[in-house]
file work-v9.csv (CSV, N, CA and C atoms)
chain,number,residue,atom,x,y,z
A,71,MET,N,136.9,-21.0,118.4
A,71,MET,CA,137.6,-20.4,117.4
A,71,MET,C,138.4,-19.2,117.9
A,72,ASN,N,139.5,-19.0,117.4
A,72,ASN,CA,140.4,-17.9,117.8
A,72,ASN,C,139.8,-16.6,117.3
A,73,ALA,N,139.6,-15.7,118.3
A,73,ALA,CA,139.0,-14.3,118.0
A,73,ALA,C,140.0,-13.5,117.1
A,74,GLU,N,141.3,-13.8,117.3
A,74,GLU,CA,142.3,-13.1,116.5
A,74,GLU,C,142.2,-13.3,115.0
A,75,HIS,N,141.9,-14.6,114.7
A,75,HIS,CA,141.7,-14.9,113.3
A,75,HIS,C,140.5,-14.1,112.7
A,76,LEU,N,139.4,-14.1,113.4
A,76,LEU,CA,138.2,-13.3,112.9
A,76,LEU,C,138.5,-11.8,112.8
A,77,ARG,N,139.3,-11.3,113.8
A,77,ARG,CA,139.7,-9.9,113.8
A,77,ARG,C,140.5,-9.6,112.5
A,78,LYS,N,141.4,-10.5,112.2
A,78,LYS,CA,142.2,-10.2,111.0
A,78,LYS,C,141.4,-10.1,109.7
A,79,LEU,N,140.4,-11.0,109.6
A,79,LEU,CA,139.5,-11.0,108.4
A,79,LEU,C,138.7,-9.8,108.4
A,80,ARG,N,138.1,-9.4,109.5
A,80,ARG,CA,137.3,-8.2,109.6
A,80,ARG,C,138.1,-7.0,109.3
A,81,GLN,N,139.3,-6.9,109.9
A,81,GLN,CA,140.1,-5.7,109.7
A,81,GLN,C,140.4,-5.5,108.2
A,82,ASP,N,140.6,-6.5,107.4
A,82,ASP,CA,140.8,-6.3,106.0
A,82,ASP,C,139.6,-6.5,105.2
A,83,HIS,N,138.4,-6.3,105.8
A,83,HIS,CA,137.1,-6.2,105.1
A,83,HIS,C,136.7,-7.5,104.4
A,84,PHE,N,137.0,-8.6,105.0
A,84,PHE,CA,136.5,-9.9,104.5
A,84,PHE,C,135.4,-10.4,105.3
A,85,LYS,N,134.4,-10.9,104.7
A,85,LYS,CA,133.2,-11.4,105.4
A,85,LYS,C,133.5,-12.7,106.1
A,86,ILE,N,132.9,-12.8,107.2
A,86,ILE,CA,133.0,-14.1,108.0
A,86,ILE,C,131.8,-14.9,107.6
A,87,THR,N,131.9,-15.7,106.5
A,87,THR,CA,130.8,-16.5,106.0
A,87,THR,C,130.7,-17.8,106.8
A,88,PRO,N,129.6,-18.4,106.8
A,88,PRO,CA,129.4,-19.7,107.5
A,88,PRO,C,130.5,-20.7,107.1
A,89,LYS,N,130.8,-20.8,105.8
A,89,LYS,CA,131.9,-21.8,105.3
A,89,LYS,C,133.2,-21.4,105.9
A,90,ARG,N,133.6,-20.1,105.9
A,90,ARG,CA,134.9,-19.7,106.4
A,90,ARG,C,135.0,-20.0,107.9
A,91,ARG,N,133.9,-19.8,108.6
A,91,ARG,CA,133.8,-20.1,110.0
A,91,ARG,C,134.0,-21.6,110.2
A,92,ALA,N,133.3,-22.4,109.4
A,92,ALA,CA,133.4,-23.8,109.5
A,92,ALA,C,134.8,-24.4,109.3
A,93,ILE,N,135.5,-23.8,108.3
A,93,ILE,CA,136.8,-24.2,108.0
A,93,ILE,C,137.7,-23.9,109.2
A,94,LEU,N,137.7,-22.7,109.7
A,94,LEU,CA,138.5,-22.3,110.9
A,94,LEU,C,138.2,-23.2,112.1
A,95,GLU,N,136.9,-23.5,112.3
A,95,GLU,CA,136.5,-24.3,113.4
A,95,GLU,C,137.1,-25.7,113.3
A,96,LEU,N,137.1,-26.2,112.0
A,96,LEU,CA,137.7,-27.6,111.8
A,96,LEU,C,139.1,-27.6,112.1
A,97,PHE,N,139.9,-26.6,111.7
A,97,PHE,CA,141.3,-26.5,112.0
A,97,PHE,C,141.5,-26.4,113.5
A,98,ASP,N,140.7,-25.6,114.2
A,98,ASP,CA,140.8,-25.5,115.7
A,98,ASP,C,140.5,-26.9,116.3
A,99,LYS,N,139.5,-27.6,115.9
A,99,LYS,CA,139.1,-28.9,116.5
A,99,LYS,C,140.2,-29.9,116.2
A,100,GLU,N,140.7,-30.0,115.0
A,100,GLU,CA,141.6,-31.1,114.6
A,100,GLU,C,143.0,-30.8,115.1
A,101,ASP,N,143.4,-29.6,115.2
A,101,ASP,CA,144.8,-29.2,115.7
A,101,ASP,C,145.9,-29.9,115.0
A,102,ARG,N,145.8,-30.1,113.7
A,102,ARG,CA,146.8,-30.7,112.9
A,102,ARG,C,146.7,-30.2,111.4
A,103,CYS,N,147.6,-30.5,110.6
A,103,CYS,CA,147.5,-30.1,109.2
A,103,CYS,C,146.5,-30.9,108.5
A,104,LEU,N,145.8,-30.3,107.6
A,104,LEU,CA,144.7,-30.9,106.8
A,104,LEU,C,144.9,-30.6,105.3
A,105,THR,N,144.4,-31.5,104.5
A,105,THR,CA,144.4,-31.3,103.1
A,105,THR,C,143.0,-30.7,102.7
A,106,PRO,N,143.0,-30.0,101.5
A,106,PRO,CA,141.7,-29.4,101.1
A,106,PRO,C,140.6,-30.5,100.9
A,107,GLU,N,141.0,-31.7,100.5
A,107,GLU,CA,140.1,-32.8,100.4
A,107,GLU,C,139.4,-33.2,101.7
A,108,ILE,N,140.2,-33.2,102.7
A,108,ILE,CA,139.7,-33.5,104.1
A,108,ILE,C,138.7,-32.5,104.5
A,109,ILE,N,139.0,-31.2,104.3
A,109,ILE,CA,138.1,-30.1,104.6
A,109,ILE,C,136.8,-30.2,103.8
A,110,TRP,N,137.0,-30.5,102.5
A,110,TRP,CA,135.8,-30.6,101.6
A,110,TRP,C,134.9,-31.7,102.0
A,111,ASP,N,135.5,-32.9,102.4
A,111,ASP,CA,134.6,-34.0,102.9
A,111,ASP,C,133.9,-33.6,104.1
A,112,HIS,N,134.5,-32.9,105.0
A,112,HIS,CA,133.8,-32.4,106.2
A,112,HIS,C,132.7,-31.4,105.9
A,113,LEU,N,133.0,-30.4,105.0
A,113,LEU,CA,132.0,-29.4,104.8
A,113,LEU,C,130.8,-29.9,104.0
A,114,LYS,N,131.0,-30.9,103.1
A,114,LYS,CA,129.9,-31.4,102.3
A,114,LYS,C,128.8,-31.9,103.2
A,115,LYS,N,129.0,-32.3,104.4
A,115,LYS,CA,128.0,-32.8,105.3
A,115,LYS,C,127.0,-31.7,105.7
A,116,THR,N,127.6,-30.4,105.8
A,116,THR,CA,126.8,-29.3,106.2
A,116,THR,C,126.3,-28.4,105.1
A,117,PHE,N,127.2,-28.2,104.1
A,117,PHE,CA,127.0,-27.3,103.0
A,117,PHE,C,126.8,-28.0,101.7
A,118,LYS,N,125.6,-28.1,101.2
A,118,LYS,CA,125.3,-28.8,100.0
A,118,LYS,C,126.0,-28.2,98.8
A,119,GLN,N,126.2,-26.9,98.8
A,119,GLN,CA,126.9,-26.2,97.7
A,119,GLN,C,128.3,-25.9,98.0
A,120,SER,N,129.1,-26.9,98.4
A,120,SER,CA,130.5,-26.7,98.7
A,120,SER,C,131.3,-27.4,97.7
A,121,GLY,N,132.2,-26.6,97.0
A,121,GLY,CA,133.0,-27.2,96.0
A,121,GLY,C,134.5,-27.1,96.4
A,122,LEU,N,135.3,-27.9,95.8
A,122,LEU,CA,136.7,-27.9,96.1
A,122,LEU,C,137.4,-26.6,95.7
A,123,PRO,N,137.1,-26.0,94.5
A,123,PRO,CA,137.7,-24.7,94.2
A,123,PRO,C,137.5,-23.6,95.2
A,124,GLY,N,136.3,-23.6,95.8
A,124,GLY,CA,136.0,-22.6,96.8
A,124,GLY,C,136.8,-22.9,98.1
A,125,ILE,N,137.0,-24.1,98.4
A,125,ILE,CA,137.8,-24.5,99.6
A,125,ILE,C,139.2,-24.0,99.4
A,126,TYR,N,139.8,-24.2,98.2
A,126,TYR,CA,141.2,-23.7,97.9
A,126,TYR,C,141.2,-22.2,98.0
A,127,ARG,N,140.2,-21.5,97.4
A,127,ARG,CA,140.2,-20.0,97.5
A,127,ARG,C,140.2,-19.6,98.9
A,128,ASN,N,139.4,-20.2,99.8
A,128,ASN,CA,139.4,-19.8,101.2
A,128,ASN,C,140.7,-20.1,101.9
A,129,LEU,N,141.2,-21.2,101.6
A,129,LEU,CA,142.5,-21.6,102.3
A,129,LEU,C,143.6,-20.6,101.9
A,130,GLU,N,143.7,-20.3,100.6
A,130,GLU,CA,144.7,-19.3,100.2
A,130,GLU,C,144.5,-17.9,100.7
A,131,LEU,N,143.2,-17.5,100.9
A,131,LEU,CA,142.9,-16.3,101.6
A,131,LEU,C,143.4,-16.3,103.0
A,132,PHE,N,143.2,-17.4,103.7
A,132,PHE,CA,143.7,-17.5,105.1
A,132,PHE,C,145.2,-17.5,105.1
A,133,VAL,N,145.9,-18.1,104.2
A,133,VAL,CA,147.3,-18.0,104.1
A,133,VAL,C,147.8,-16.6,104.0
A,134,LYS,N,147.2,-15.9,103.0
A,134,LYS,CA,147.6,-14.5,102.8
A,134,LYS,C,147.3,-13.6,104.1
A,135,GLN,N,146.3,-14.0,104.8
A,135,GLN,CA,146.0,-13.2,106.1
A,135,GLN,C,146.9,-13.6,107.2
A,136,GLY,N,147.7,-14.7,107.1
A,136,GLY,CA,148.5,-15.2,108.1
A,136,GLY,C,147.8,-16.0,109.1
A,137,ILE,N,146.6,-16.5,108.8
A,137,ILE,CA,145.8,-17.4,109.7
A,137,ILE,C,146.3,-18.8,109.5
A,138,LEU,N,146.5,-19.2,108.2
A,138,LEU,CA,147.0,-20.6,107.9
A,138,LEU,C,148.4,-20.5,107.3
A,139,ILE,N,149.0,-21.6,107.3
A,139,ILE,CA,150.3,-21.8,106.6
A,139,ILE,C,150.2,-23.0,105.7
A,140,ARG,N,151.0,-23.0,104.7
A,140,ARG,CA,151.1,-24.2,103.8
A,140,ARG,C,152.2,-25.1,104.4
A,141,ILE,N,151.9,-26.4,104.4
A,141,ILE,CA,152.8,-27.4,104.9
A,141,ILE,C,153.3,-28.3,103.8
A,142,ASP,N,154.6,-28.6,103.7
A,142,ASP,CA,155.1,-29.6,102.8
A,142,ASP,C,155.1,-30.9,103.4
A,143,ARG,N,154.4,-31.8,102.8
A,143,ARG,CA,154.3,-33.2,103.4
A,143,ARG,C,153.8,-34.1,102.3
A,144,ASP,N,154.3,-35.3,102.3
A,144,ASP,CA,153.8,-36.4,101.3
A,144,ASP,C,153.9,-35.9,99.9
A,145,GLY,N,155.0,-35.5,99.5
A,145,GLY,CA,155.2,-35.2,98.0
A,145,GLY,C,154.5,-33.9,97.6
A,146,ARG,N,153.6,-34.1,96.6
A,146,ARG,CA,152.9,-33.0,96.0
A,146,ARG,C,151.6,-32.6,96.6
A,147,LYS,N,151.1,-33.3,97.6
A,147,LYS,CA,149.9,-33.1,98.2
A,147,LYS,C,149.9,-31.8,99.0
A,148,ARG,N,148.9,-31.0,98.9
A,148,ARG,CA,148.9,-29.7,99.7
A,148,ARG,C,148.3,-30.0,101.1
A,149,TYR,N,148.9,-29.4,102.1
A,149,TYR,CA,148.4,-29.4,103.5
A,149,TYR,C,148.4,-28.0,104.0
A,150,TYR,N,147.5,-27.7,104.9
A,150,TYR,CA,147.4,-26.4,105.5
A,150,TYR,C,147.3,-26.6,107.0
A,151,ALA,N,147.7,-25.6,107.8
A,151,ALA,CA,147.6,-25.7,109.3
A,151,ALA,C,147.4,-24.3,109.8
A,152,LEU,N,146.9,-24.2,111.0
A,152,LEU,CA,146.7,-22.9,111.7
A,152,LEU,C,148.1,-22.4,112.1
A,153,CYS,N,148.2,-21.1,112.0
A,153,CYS,CA,149.4,-20.4,112.5
A,153,CYS,C,149.0,-19.8,113.9
A,154,HIS,N,149.6,-20.3,114.9
A,154,HIS,CA,149.1,-19.8,116.3
A,154,HIS,C,149.8,-18.6,116.7
A,155,ASP,N,150.8,-18.1,116.0
A,155,ASP,CA,151.6,-16.9,116.4
A,155,ASP,C,150.8,-15.7,115.8
A,156,HIS,N,150.5,-14.8,116.7
A,156,HIS,CA,149.7,-13.6,116.2
A,156,HIS,C,150.6,-12.3,116.4
A,157,SER,N,151.9,-12.5,116.6
A,157,SER,CA,152.7,-11.3,116.9
A,157,SER,C,153.0,-10.6,115.6
A,158,GLY,N,152.9,-11.3,114.5
A,158,GLY,CA,153.3,-10.6,113.2
A,158,GLY,C,154.8,-10.7,113.0
A,159,LEU,N,155.6,-11.3,113.9
A,159,LEU,CA,157.0,-11.4,113.8
A,159,LEU,C,157.4,-12.6,113.0
A,160,HIS,N,158.5,-12.6,112.3
A,160,HIS,CA,159.0,-13.7,111.5
A,160,HIS,C,159.2,-14.9,112.4
A,161,HIS,N,158.7,-16.1,111.9
A,161,HIS,CA,158.9,-17.3,112.7
A,161,HIS,C,158.8,-18.5,111.7
A,162,HIS,N,159.1,-19.7,112.2
A,162,HIS,CA,159.0,-20.9,111.4
A,162,HIS,C,158.0,-21.8,112.1
A,163,HIS,N,157.9,-23.0,111.5
A,163,HIS,CA,157.0,-24.0,112.1
A,163,HIS,C,157.6,-25.4,112.1
A,164,ILE,N,157.2,-26.2,113.1
A,164,ILE,CA,157.7,-27.5,113.3
A,164,ILE,C,156.5,-28.5,113.2
A,165,VAL,N,156.6,-29.5,112.3
A,165,VAL,CA,155.5,-30.4,112.0
A,165,VAL,C,155.8,-31.8,112.5
A,166,CYS,N,154.9,-32.4,113.2
A,166,CYS,CA,155.0,-33.8,113.6
A,166,CYS,C,154.7,-34.7,112.3
A,167,VAL,N,155.7,-35.5,111.9
A,167,VAL,CA,155.5,-36.4,110.8
A,167,VAL,C,154.6,-37.6,111.0
A,168,ALA,N,154.3,-37.8,112.3
A,168,ALA,CA,153.4,-38.9,112.7
A,168,ALA,C,151.9,-38.5,112.6
A,169,CYS,N,151.6,-37.4,113.4
A,169,CYS,CA,150.2,-37.1,113.5
A,169,CYS,C,149.8,-35.8,112.8
A,170,GLY,N,150.8,-35.0,112.3
A,170,GLY,CA,150.5,-33.8,111.6
A,170,GLY,C,150.3,-32.6,112.4
A,171,ARG,N,150.5,-32.7,113.7
A,171,ARG,CA,150.5,-31.5,114.6
A,171,ARG,C,151.5,-30.5,114.1
A,172,VAL,N,151.1,-29.2,114.2
A,172,VAL,CA,152.0,-28.1,113.8
A,172,VAL,C,152.1,-27.1,115.0
A,173,ASP,N,153.4,-26.8,115.3
A,173,ASP,CA,153.6,-25.7,116.3
A,173,ASP,C,154.5,-24.7,115.8
A,174,ASP,N,154.4,-23.5,116.4
A,174,ASP,CA,155.3,-22.4,116.0
A,174,ASP,C,156.7,-22.6,116.5
A,175,PHE,N,157.6,-22.2,115.7
A,175,PHE,CA,159.0,-22.2,116.2
A,175,PHE,C,159.5,-20.7,116.1
A,176,PRO,N,159.5,-20.0,117.2
A,176,PRO,CA,159.6,-18.6,117.2
A,176,PRO,C,161.0,-18.0,116.9
A,177,VAL,N,162.0,-18.8,116.8
A,177,VAL,CA,163.3,-18.3,116.6
A,177,VAL,C,163.8,-18.6,115.2
A,178,CYS,N,164.4,-17.6,114.5
A,178,CYS,CA,165.0,-17.8,113.2
A,178,CYS,C,166.5,-17.8,113.4
A,179,HIS,N,167.2,-18.8,113.1
A,179,HIS,CA,168.6,-18.9,113.3
A,179,HIS,C,169.4,-18.6,112.0
A,180,PHE,N,168.8,-17.7,111.2
A,180,PHE,CA,169.5,-17.4,109.9
A,180,PHE,C,169.7,-15.9,109.8
A,181,PRO,N,170.4,-15.2,110.8
A,181,PRO,CA,170.6,-13.8,110.6
A,181,PRO,C,171.5,-13.4,109.4
A,182,GLU,N,172.4,-14.4,109.1
A,182,GLU,CA,173.3,-14.1,108.0
A,182,GLU,C,172.6,-14.2,106.6
A,183,ILE,N,171.4,-14.6,106.6
A,183,ILE,CA,170.7,-14.7,105.3
A,183,ILE,C,170.5,-13.4,104.6
A,184,LYS,N,170.5,-12.3,105.4
A,184,LYS,CA,170.4,-11.0,104.8
A,184,LYS,C,171.5,-10.6,103.9
A,185,ASN,N,172.7,-11.3,104.0
A,185,ASN,CA,173.8,-11.0,103.2
A,185,ASN,C,174.2,-12.2,102.3
A,186,ALA,N,173.2,-12.9,101.8
A,186,ALA,CA,173.4,-14.1,101.1
A,186,ALA,C,173.9,-13.9,99.7
A,187,LYS,N,175.3,-13.9,99.5
A,187,LYS,CA,175.9,-13.9,98.2
A,187,LYS,C,175.5,-12.8,97.3
A,188,GLY,N,175.2,-11.6,97.9
A,188,GLY,CA,174.8,-10.4,97.1
A,188,GLY,C,173.4,-10.3,96.7
A,189,TYR,N,172.6,-11.3,97.1
A,189,TYR,CA,171.1,-11.3,96.8
A,189,TYR,C,170.4,-10.3,97.7
A,190,LYS,N,169.4,-9.7,97.2
A,190,LYS,CA,168.5,-8.9,98.1
A,190,LYS,C,167.4,-9.9,98.5
A,191,ILE,N,167.4,-10.3,99.7
A,191,ILE,CA,166.5,-11.3,100.2
A,191,ILE,C,165.1,-10.7,100.4
A,192,LEU,N,164.1,-11.2,99.8
A,192,LEU,CA,162.7,-10.7,100.0
A,192,LEU,C,162.0,-11.5,101.1
A,193,SER,N,162.2,-12.8,101.2
A,193,SER,CA,161.6,-13.6,102.2
A,193,SER,C,162.3,-14.9,102.3
A,194,HIS,N,162.0,-15.7,103.3
A,194,HIS,CA,162.5,-17.1,103.4
A,194,HIS,C,161.5,-17.9,104.3
A,195,SER,N,161.5,-19.2,104.1
A,195,SER,CA,160.7,-20.0,105.0
A,195,SER,C,161.5,-21.3,105.3
A,196,MET,N,161.2,-21.9,106.4
A,196,MET,CA,161.8,-23.1,106.8
A,196,MET,C,160.7,-23.9,107.5
A,197,GLN,N,160.7,-25.2,107.3
A,197,GLN,CA,159.8,-26.1,108.0
A,197,GLN,C,160.6,-27.1,108.6
A,198,ILE,N,160.4,-27.3,109.9
A,198,ILE,CA,161.1,-28.4,110.7
A,198,ILE,C,160.2,-29.6,110.8
A,199,ASN,N,160.7,-30.7,110.5
A,199,ASN,CA,159.9,-32.0,110.7
A,199,ASN,C,160.5,-32.8,111.9
A,200,GLY,N,159.6,-33.3,112.7
A,200,GLY,CA,160.0,-34.1,113.8
A,200,GLY,C,158.8,-35.0,114.3
A,201,ILE,N,158.9,-35.5,115.5
A,201,ILE,CA,157.9,-36.3,116.1
A,201,ILE,C,157.5,-35.6,117.5
A,202,CYS,N,156.2,-35.2,117.6
A,202,CYS,CA,155.8,-34.5,118.8
A,202,CYS,C,155.8,-35.4,120.0
A,203,ARG,N,155.7,-34.8,121.2
A,203,ARG,CA,155.8,-35.5,122.4
A,203,ARG,C,154.8,-36.6,122.6
A,204,ALA,N,153.6,-36.3,122.1
A,204,ALA,CA,152.5,-37.3,122.2
A,204,ALA,C,152.7,-38.5,121.4
A,205,CYS,N,153.4,-38.4,120.2
A,205,CYS,CA,153.6,-39.5,119.3
A,205,CYS,C,154.9,-40.3,119.6
A,206,GLN,N,155.8,-39.7,120.5
A,206,GLN,CA,157.1,-40.4,120.8
A,206,GLN,C,156.9,-41.7,121.5
call {"tool": "encode", "arguments": {"input": "work-v9.csv", "output": "structure tokens"}}
result
Amino acid sequence: MNAEHLRKLRQDHFKITPKRRAILELFDKEDRCLTPEIIWDHLKKTFKQSGLPGIYRNLELFVKQGILIRIDRDGRKRYYALCHDHSGLHHHHIVCVACGRVDDFPVCHFPEIKNAKGYKILSHSMQINGICRACQ
């Protein structure tokens, strides 16, 4: 498991619980985007008191901490993936539509977005979909 992820949690005074550690280890092991249901199925084998609402709360905590990102895939179903960039700089992500692998895309090609039709831009996000080298 990435020590940087644990550092982020500790820095903001979040406990490293066994379930949180297991969630992060699963993302490390799988190295692809996962649904909350996949995570729940995996955790139920180890933690008898594991519910889907708790999984969602932990996933959203990890998103707020910059450890995970939300991925748009398959309509309304939620997916999450590890964010491997620890620089804190703005970046985007590229997702393999075949296997679900997610990589960081460090460049943002939208410098003009700061002057978008008189809006004060607070944030933006972009997801790039493609097919990774292993799936080609």
call {"tool": "atom_distance", "arguments": {"input": "work-v9.csv", "atom1": "atom CA of Glu130 of chain A", "atom2": "atom CA of Ala204 of chain A"}}
result
29.5 Å
call {"tool": "closest_residue", "arguments": {"input": "work-v9.csv", "among": "A:Gln206, A:Gln197, A:Thr87, A:Thr116", "to": "His163 of chain A", "atoms": "all atoms listed in the file"}}
result
A:Gln197
call {"tool": "select_by_dssp", "arguments": {"input": "work-v9.csv", "residues": "segment 118-197 of chain A", "states": "alpha helix (DSSP H)", "output": "PyMOL selection string"}}
result
chain A and resi 122-134
call {"tool": "atom_distance", "arguments": {"input": "work-v9.csv", "atom1": "atom CA of Ile137 of chain A", "atom2": "atom CA of Ala186 of chain A"}}
result
29.1 Å
call {"tool": "closest_residue", "arguments": {"input": "work-v9.csv", "among": "A:Pro106, A:Pro88, A:Gly200, A:Gly124", "to": "Arg148 of chain A", "atoms": "all atoms listed in the file"}}
result
A:Pro106
call {"tool": "residues_around", "arguments": {"input": "work-v9.csv", "residues": "His161 of chain A", "least_positions_apart": "5", "cutoff": "6.5 Å", "atoms": "all atoms listed in the file", "output": "VMD selection string"}}
result
chain A and resid 175 to 178
call {"tool": "write_last_selection", "arguments": {"input": "work-v9.csv", "atoms": "N, CA and C atoms", "output": "compact mmCIF listing (two decimals), in the coordinates of the input"}}
result
# COMPACT_ATOMS: atom_id res chain seq x y z
N PHE A 175 157.60 -22.20 115.70
CA PHE A 175 159.00 -22.20 116.20
C PHE A 175 159.50 -20.70 116.10
N PRO A 176 159.50 -20.00 117.20
CA PRO A 176 159.60 -18.60 117.20
C PRO A 176 161.00 -18.00 116.90
N VAL A 177 162.00 -18.80 116.80
CA VAL A 177 163.30 -18.30 116.60
C VAL A 177 163.80 -18.60 115.20
N CYS A 178 164.40 -17.60 114.50
CA CYS A 178 165.00 -17.80 113.20
C CYS A 178 166.50 -17.80 113.40
call {"tool": "atom_distance", "arguments": {"input": "work-v9.csv", "atom1": "atom CA of Leu113 of chain A", "atom2": "atom N of Asp173 of chain A"}}
result
24.0 Å
call {"tool": "closest_residue", "arguments": {"input": "work-v9.csv", "among": "A:Arg140, A:Lys89, A:Arg171, A:Lys134", "to": "Asp101 of chain A", "atoms": "all atoms listed in the file"}}
result
A:Arg171
call {"tool": "closest_residue", "arguments": {"input": "work-v9.csv", "among": "A:Ile141, A:Asn199, A:Ile109, A:Lys190", "to": "Ile164 of chain A", "atoms": "all atoms listed in the file"}}
result
A:Asn199
call {"tool": "residues_around", "arguments": {"input": "work-v9.csv", "residues": "Gly136 of chain A", "least_positions_apart": "3", "cutoff": "9 Å", "atoms": "only C-alpha atoms", "output": "PyMOL selection string"}}
result
chain A and resi 75+78+131-133+139+152-153+156+158
call {"tool": "closest_residue", "arguments": {"input": "work-v9.csv", "among": "A:Tyr150, A:Gln135, A:Val172, A:Ser120", "to": "Thr105 of chain A", "atoms": "all atoms listed in the file"}}
result
A:Tyr150
call {"tool": "select_by_dssp", "arguments": {"input": "work-v9.csv", "residues": "segment 86-150 of chain A", "states": "strand (DSSP E or B)", "output": "number ranges by chain"}}
result
A: 104, 138-142, 148-150
call {"tool": "residues_around", "arguments": {"input": "work-v9.csv", "residues": "Cys169 of chain A", "least_positions_apart": "3", "cutoff": "8 Å", "atoms": "only C-alpha atoms", "output": "list in words"}}
result
Arg102, Cys166 and Cys205 of chain A
